[in-house]
Amino acid sequence: MDVGIVNPHEMIAHSELEDDMKLLCENLVFNQTEEATDDMLERTTYERDCIAAKKKNLPLPRKPRGKMPKLPRLQFDYDKVAPTPATEPPLPTSDVARNHVPNSYLNSKLTMDSITAIRAKATNLTPLKLDHAQASDTYPESFPHFVRGRDSLREYITSLFTSRIALYDGAMGTMIQNYAKRNRLEEEEFRGDRFVDWTTSMKGNNDQLSITQPQIISAIYKEYLEVGGSDLIGTNTFSSTTIAMADYEMEDYVYELNYESARLAREVCDEVTAKDPSKPRFVVGAIGPTNRTGSISPSVEDPAARNVTFDELVEAYFQQIVALMDGGSDILMVETIFDTLNAKAALYAVGEYLEITGLDVPVFVSGTLVDQSGRTLSGQTGEAFYASIRHAKPMCVGLNCALGAKHMTPFVERLAKCVECFLHVYSNAGLPNAMGGYDETPEDMAGQMKLFFDNGWLNMVGGCCGSTPQHIKAIREMSEGYEPRKLPDVGRPKMWLSGLEDLVVDDVHNHLGLPFLNVGERCNISGSIRFKKLMMAGDFGTAMDIAKKQVEDGAHVIDINVDDGMLDGLAAMQKFVKIAVTEPEVSKVPFMLDASKFEIVLAGVKWCQGKCIVNSISLKVGVELFKEQATLLKKHGCAIVVMAFDEDGQAATASEKVRICKRSYDMLVNEVRFPPEDIIFDPNVLTIGTGMEEHANYGVDFINATKTIKEQCPYVKISGGISNLSFGFRGVMKIRESIHSVFLQHAILESGMDVGIVNPHEMIAHSELEDDMKLLCENLVFNQTEEATDDMLERTTYERDCIAAKKKNLPLPRKPRGKMPKLPRLQFDYDKVAPTPATEPPLPTSDVARNHVPNSYLNSKLTMDSITAIRAKATNLTPLKLDHAQASDTYPESFPHFVRGRDSLREYITSLFTSRIALYDGAMGTMIQNYAKRNRLEEEEFRGDRFVDWTTSMKGNNDQLSITQPQIISAIYKEYLEVGGSDLIGTNTFSSTTIAMADYEMEDYVYELNYESARLAREVCDEVTAKDPSKPRFVVGAIGPTNRTGSISPSVEDP
């Protein structure tokens, strides 16, 4: 391009653009992202706000961060294992399921109290037939034949669903309505002979017909099997719970309703199977949703109101399950789920039944998406619905009711991409017409299903409202020749949470681009003063605004904690959760239910339709209670936070964190069979920067422990309460979040931390930190300097002063420089020379030293003026002997021998000191004192004959003894050489300077004092050496410090 019409004054050079602005512009100009326009509009708003702030002299607004690049997640060995083909759907954790143990179908042996209590209330008029086992030789042993009690139904379903698309039945209600069009079916027929005098209307209670008109229900079952070709038929028990039957005042009859419906289906299935044993038919015990919801308030005014509890649902479903199984059901199907919490209660009841009976019964689950939004009535997406119930390990999951096949297509496709087990659909025959009927013909409905078959999405297909045996037949014919859906490959297990939407934790990146799950802390009484005040005031509505803001700011999960001594935690937790699940902008994310009392979190769990996290359990309560709590939470499908506590207390060191977490992991995975991917360890983020030495390494300990725990405990997550780390710097958010930023950057990217309780709005990206702040934080977090805490406190004071200055519109204070980073020195070639081994100590610069020239020991030849002037003042009474050389042949030439004048003493000392540790002498003063204890050594002896008339006291002048008592000094020298074994002895001249001798007025005698002391040492050393020439002895002229100092004033007044 060559030419453009522009405003030159406003043009900006490309090199002048900020990096983030450049990226925004490139995304917009080159249409590189879908969000490019929205991102630029956000930045435009910011720039406009900056202009306004500058005009009003206000602080600039916070700059929008934009989309951060996603940083890579730390990979462990178990992350690198390639997926493998699945051979069956995910198995329940029971031994019978894992080992494919056949159901015995001998229900009469199930005499557990909870089951016999239900049977005791049965209203059946004929004796119960509880056992449905068949003789093992009833049919051949190989697939496709099946014999109850002999064969594993789990294995059979797997074989069936992987070999062809199986057929379910169609609508029971539609068939009853069609019957009523041809035959009389009014109130009288619904009542039958049994309920002639019933006080409420019974017409429309279709389930009741299994008792009052069993021939109608049997005929419908049979038509689906013979005309439709169904492999499985659902029992006529959609509403057969005490909750739903309360509308007809028939709560007492639920056992009979379920038993009789299952018995009729069992009889018809067995009759049809006997005609063609190669196509066994199975009874699916249908468990409907009830007519009440655990997640939805029946009151517009009170979002916390509910007309049923989780425990009531479990009790009702358990009664239904017992009767369905007693009547001969093969499979249990929780169906037409419009509120996942109800389904979770049903699945909990199924789990309780399977646990106490020790049976393996396949479980199917079918959800209902109520409209084109693709959500259940309680607001969940299909993926979130599946994530919420997958802990129950259903063999088959799918959709039914509400929509026709055409309208289900996008939602079936999405489920087909994520469901780990088999997938089914039994849709309506289109959407209802104005009269509530369904217009799709069998051919229409089958045609709508073809897309499902073409894409290989289904393993089982059937029909719901409006469908008939003819519809099922048409679908069967359409499905023939198509391959069933292939089970997805089995890969690394991942934590899969849900609110109204699903969330795979292992795939999450937060708003800073970190592979990290933000758990919002502001709905925690301990994390927000404002939230605490609202809870105390009972203002739950405003508290929801805090929760919404957390989600807007980047929280993936909302932490809910109402722990306070002044609050009824049990009631507050339940009310908060019940209201929160009705707020779409809050409940779209999963919840973390957080309490110090287990009963509080459990109460919250029972109001969560999604898969939530429970925070927390630990070994602090003891092994048995720990496993009991974990087992209960596993049944509810919760992920769990496990604190690094045990019976002895909290883990503080890295080794203790690892030990407790590994011990907990082994119990949970091996004994409780808790899914490892649903375990989050909290190894305790503890406070640093307190000034206490034992706290300084807490950040390092956590980071190091995190990586080891992740290595030793495959698939777990690591979490922590990040605000604890910087608690000592509370009040200055910039400091705290900077510390958190450095801590998280390393803990996440280098050690694999996954989860943290944070305030997303305040989080700072590591790349946004100022260099000096980053250094301060790294020094503190990693305990790199002793001054780290003091330096950060200084910076905290500065930041606090800045806040105060901004409030008062004053100039900002001067920023503390802190410890400046050391800049690199320029290197030259000679700086890069590698060190070489030393052969001797550094040499003086003289030629004689460098060339190791031996000392001649001929001091008489040293006639320099300065030396002769000193000798001229000597006070010695005998002639001076200045030369000490020895004949060159006095001793052998090789080390360890030494001859003065012949050998280099520098070379000798180097050889001696590098071959062994040489010995020096000891204290002269101590030896003189010891002599005085045994012999007289008073003023008179110190004076001797020479200084009888000296005018000052001489006692204590030890150096003087070399003149007045030379025998004492010689004896001490000799004892150090012969007894001590000294290689070198120091002369008795510690104070022999004119300065020190001024105390005794003996300045004129210093030459004599030093000469005589050295002479005595020389003579003794030569005498001892002569006895063993292999160990020469040497005289060390001792030069003491004097009694005066050049650096220190003797006057307090005058420095």
# chains A, B, ... in the order shown; residues from 1 in each chain; ligands from 1

$ residues_around --residues "Thr123 (chain A)" --least-positions-apart "5" --cutoff "12 Å" --atoms "only C-alpha atoms" --output "PDB file with C-alpha atoms, in the first residue's frame"
ATOM      1  CA  ILE A 118     -41.042 -52.772  53.836  1.00  0.00           C
ATOM      2  CA  LEU A 128     -45.406 -62.949  47.423  1.00  0.00           C
ATOM      3  CA  ARG A 194     -60.716 -53.568  45.245  1.00  0.00           C
ATOM      4  CA  ILE A 211     -53.597 -54.054  40.475  1.00  0.00           C
ATOM      5  CA  MET A 250     -52.476 -44.591  48.153  1.00  0.00           C
ATOM      6  CA  GLU A 251     -49.118 -44.300  49.952  1.00  0.00           C
ATOM      7  CA  ASP A 252     -49.707 -47.624  51.721  1.00  0.00           C
ATOM      8  CA  TYR A 253     -50.021 -49.466  48.380  1.00  0.00           C
ATOM      9  CA  VAL A 254     -46.680 -48.556  46.810  1.00  0.00           C
ATOM     10  CA  TYR A 255     -45.089 -51.942  47.530  1.00  0.00           C
ATOM     11  CA  GLU A 256     -47.988 -53.731  45.870  1.00  0.00           C
ATOM     12  CA  LEU A 257     -48.059 -51.333  42.905  1.00  0.00           C
ATOM     13  CA  ASN A 258     -44.363 -51.876  42.161  1.00  0.00           C
ATOM     14  CA  TYR A 259     -44.355 -55.587  42.917  1.00  0.00           C
ATOM     15  CA  GLU A 260     -47.407 -56.358  40.764  1.00  0.00           C
ATOM     16  CA  ALA A 323     -40.722 -53.952  45.548  1.00  0.00           C
TER      17      ALA A 323
END

$ residues_around --residues "region 1037-1046 of chain A" --least-positions-apart "3" --cutoff "6 Å" --atoms "only C-alpha atoms" --output "compact mmCIF listing (two decimals) with N, CA, C and O atoms, in the first residue's frame"
# COMPACT_ATOMS: atom_id res chain seq x y z
N GLY A 986 57.49 -20.15 69.61
CA GLY A 986 57.54 -18.69 69.54
C GLY A 986 58.44 -18.13 70.62
O GLY A 986 58.49 -18.64 71.75
N THR A 987 59.12 -17.04 70.29
CA THR A 987 60.03 -16.40 71.25
C THR A 987 59.24 -15.69 72.34
O THR A 987 58.07 -15.30 72.13
N THR A 989 58.68 -12.83 73.46
CA THR A 989 58.85 -11.40 73.11
C THR A 989 57.52 -10.72 72.86
O THR A 989 57.44 -9.76 72.07
N PHE A 990 56.46 -11.16 73.49
CA PHE A 990 55.12 -10.63 73.24
C PHE A 990 55.06 -9.12 73.44
O PHE A 990 54.39 -8.41 72.69
N SER A 991 55.81 -8.62 74.46
CA SER A 991 55.75 -7.18 74.77
C SER A 991 57.08 -6.46 74.54
O SER A 991 57.31 -5.36 75.06
N ALA A 996 55.58 -0.97 74.44
CA ALA A 996 55.10 -1.75 75.58
C ALA A 996 56.05 -1.64 76.77
O ALA A 996 55.61 -1.60 77.94

$ residues_around --residues "region 90-94 of chain A" --least-positions-apart "6" --cutoff "10 Å" --atoms "only C-alpha atoms" --output "short mmCIF file (atom, residue, chain, number, x, y, z; two decimals) with C-alpha atoms, in the first residue's frame"
data_model
loop_
_atom_site.label_atom_id
_atom_site.label_comp_id
_atom_site.auth_asym_id
_atom_site.auth_seq_id
_atom_site.Cartn_x
_atom_site.Cartn_y
_atom_site.Cartn_z
CA HIS A 100 -19.45 -59.77 37.24
CA ARG A 154 -23.82 -56.92 33.29
CA GLY A 351 -26.78 -47.72 46.06
CA LEU A 354 -27.12 -52.84 46.33
CA GLU A 355 -24.82 -52.34 49.31
CA GLY A 358 -24.56 -57.47 47.95
CA LEU A 359 -26.11 -57.70 44.46
CA ASP A 360 -24.94 -56.38 41.11
CA PRO A 362 -27.37 -52.78 36.19
CA ARG A 390 -21.85 -40.57 36.83
CA HIS A 391 -20.60 -41.49 40.32
CA ALA A 392 -23.40 -44.09 40.42
CA LYS A 393 -21.70 -45.85 37.50
CA PRO A 394 -24.80 -46.35 35.35
CA MET A 395 -24.44 -48.84 32.51
CA GLU A 420 -18.44 -42.92 29.20
CA CYS A 421 -21.12 -45.65 29.31
CA PHE A 422 -23.78 -46.78 26.84
CA VAL A 490 -10.50 -45.21 28.64
CA VAL A 672 -12.91 -46.92 50.64
CA ARG A 673 -12.36 -47.22 46.86
CA PHE A 674 -12.78 -43.49 46.53
CA PRO A 675 -12.02 -42.23 43.00
#

$ select_by_dssp --residues "region 884-988 of chain A" --states "helix (DSSP H, G or I)" --output "PyMOL selection string"
chain A and resi 905-915+924-934+939-943+958-964+966-978

$ closest_residue --among "A:Met536, A:Asn684, A:Ala304, A:Met954" --to "Leu567 (chain A)" --atoms "only C-alpha atoms"
A:Met536

$ residues_around --residues "Leu503 (chain A)" --least-positions-apart "3" --cutoff "9 Å" --atoms "only C-alpha atoms" --output "PyMOL selection string"
chain A and resi 384+387+495-499+506-508+556+589-590

$ atom_distance --atom1 "CA of Gln965 (chain A)" --atom2 "CA of Arg900 (chain A)"
28.2 Å
